[in-house]
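Student: Handing you this structure, nothing more for now.
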Amino acid sequence: MSETEFYTSHECLLLVYEEALTRLDSTTNTWYDCSAYFWWCGERTRQLDAAHVEFMRGLWNPIGMKVSNKMDPAELVSLIASLNPDNIPGRLAVIVRMGADNLRQKIPALIEAVEQAGQVVTWVCDPMHGN
């Protein structure tokens, strides 16, 4: 093997770290966070009026948002609109992490709200949280 493709991901938690590794792509004039290929915001960092969401929406990396059983469908729609305002397929993954029991009760309303809003997301199951 002479070459391999290697991708990393992590939570966008420490903005000072992320900002230090953010670069402008001179060929597309878009910003990328070079600390990882894919990163996400979680329970602690996905508030609509918080710096983490604002930082992530300004970048061109594919991004994710972890969603627990605490997520309100209207809040999810608002966050998706903020993080992916152009509704670009593949840009945003909704990472479900709520356990099998909560999943059965909560996920239908979340999916319905996103579909009714006409938003395009990739739904991902977080295998580390009992899903």
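Ordering of the structure tokens sets the chain letters (A, B, ...), residue numbers begin anew at 1 in every chain, and ligands are numbered from 1 in the order given.
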Contacts of segment 76-78 of chain A at 10 Å or less, counting only C-alpha atoms, minus same-chain residues fewer than 4 places along, as a VMD selection string?
Tutor: chain A and resid 46 48 65 67 71 to 72 82 to 85 94 110 to 111 113 to 119
Student: Using the chain letters and numbers from this document, which residues of chain A does DSSP assign to strand (DSSP E), as a list in words?
Tutor: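 So the strand (DSSP E) residues in chain A would be Ser9, His10, Glu11, Thr22, Arg23, Leu24, Asp25, Thr30, Trp31, Tyr32, Asp33, Phe38, Trp39, Trp40, Cys41, Ile63, Gly64, Met65, Lys66, Val67, Leu92, Ala93, Val94, Ile95, Val96, Thr122, Trp123, Val124 and Cys125 of chain A.
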Student: Can you pull out every residue within 8 Å of Arg23 of chain A, counting only C-alpha atoms, but drop anything in the same chain fewer than 5 positions away, and send it as a PyMOL selection string?
Tutor: chain A and resi 31-34
Student: Residues of the last selection are to be written out with N, CA and C atoms, as a tab-separated table (two decimals), in the first residue's frame.
Tutor:
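Listing of out.tsv after writing:
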chain	number	residue	atom	x	y	z
A	31	TRP	N	-14.20	28.60	3.83
A	31	TRP	CA	-13.44	28.29	5.05
A	31	TRP	C	-13.59	26.83	5.43
A	32	TYR	N	-12.49	26.22	5.88
A	32	TYR	CA	-12.48	24.84	6.36
A	32	TYR	C	-11.77	24.77	7.70
A	33	ASP	N	-12.32	23.98	8.59
A	33	ASP	CA	-11.65	23.66	9.84
A	33	ASP	C	-10.79	22.43	9.56
A	34	CYS	N	-9.49	22.58	9.66
A	34	CYS	CA	-8.57	21.51	9.29
A	34	CYS	C	-8.21	20.60	10.46
Student: Nearest to Ala51 of chain A: which of A:Ser9, A:Cys125, A:Leu14, A:Ser68 is it, counting only C-alpha atoms?
Tutor: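 When distances to Ala51 of chain A are compared using only C-alpha atoms, the smallest one comes from A:Leu14.
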Student: May I have the residues within 12 Å of Ile88 of chain A as a ChimeraX atom specification, using only C-alpha atoms and disregarding those fewer than 5 positions away in the same chain?
Tutor: /A:60-63,80-81,83,93,118-122
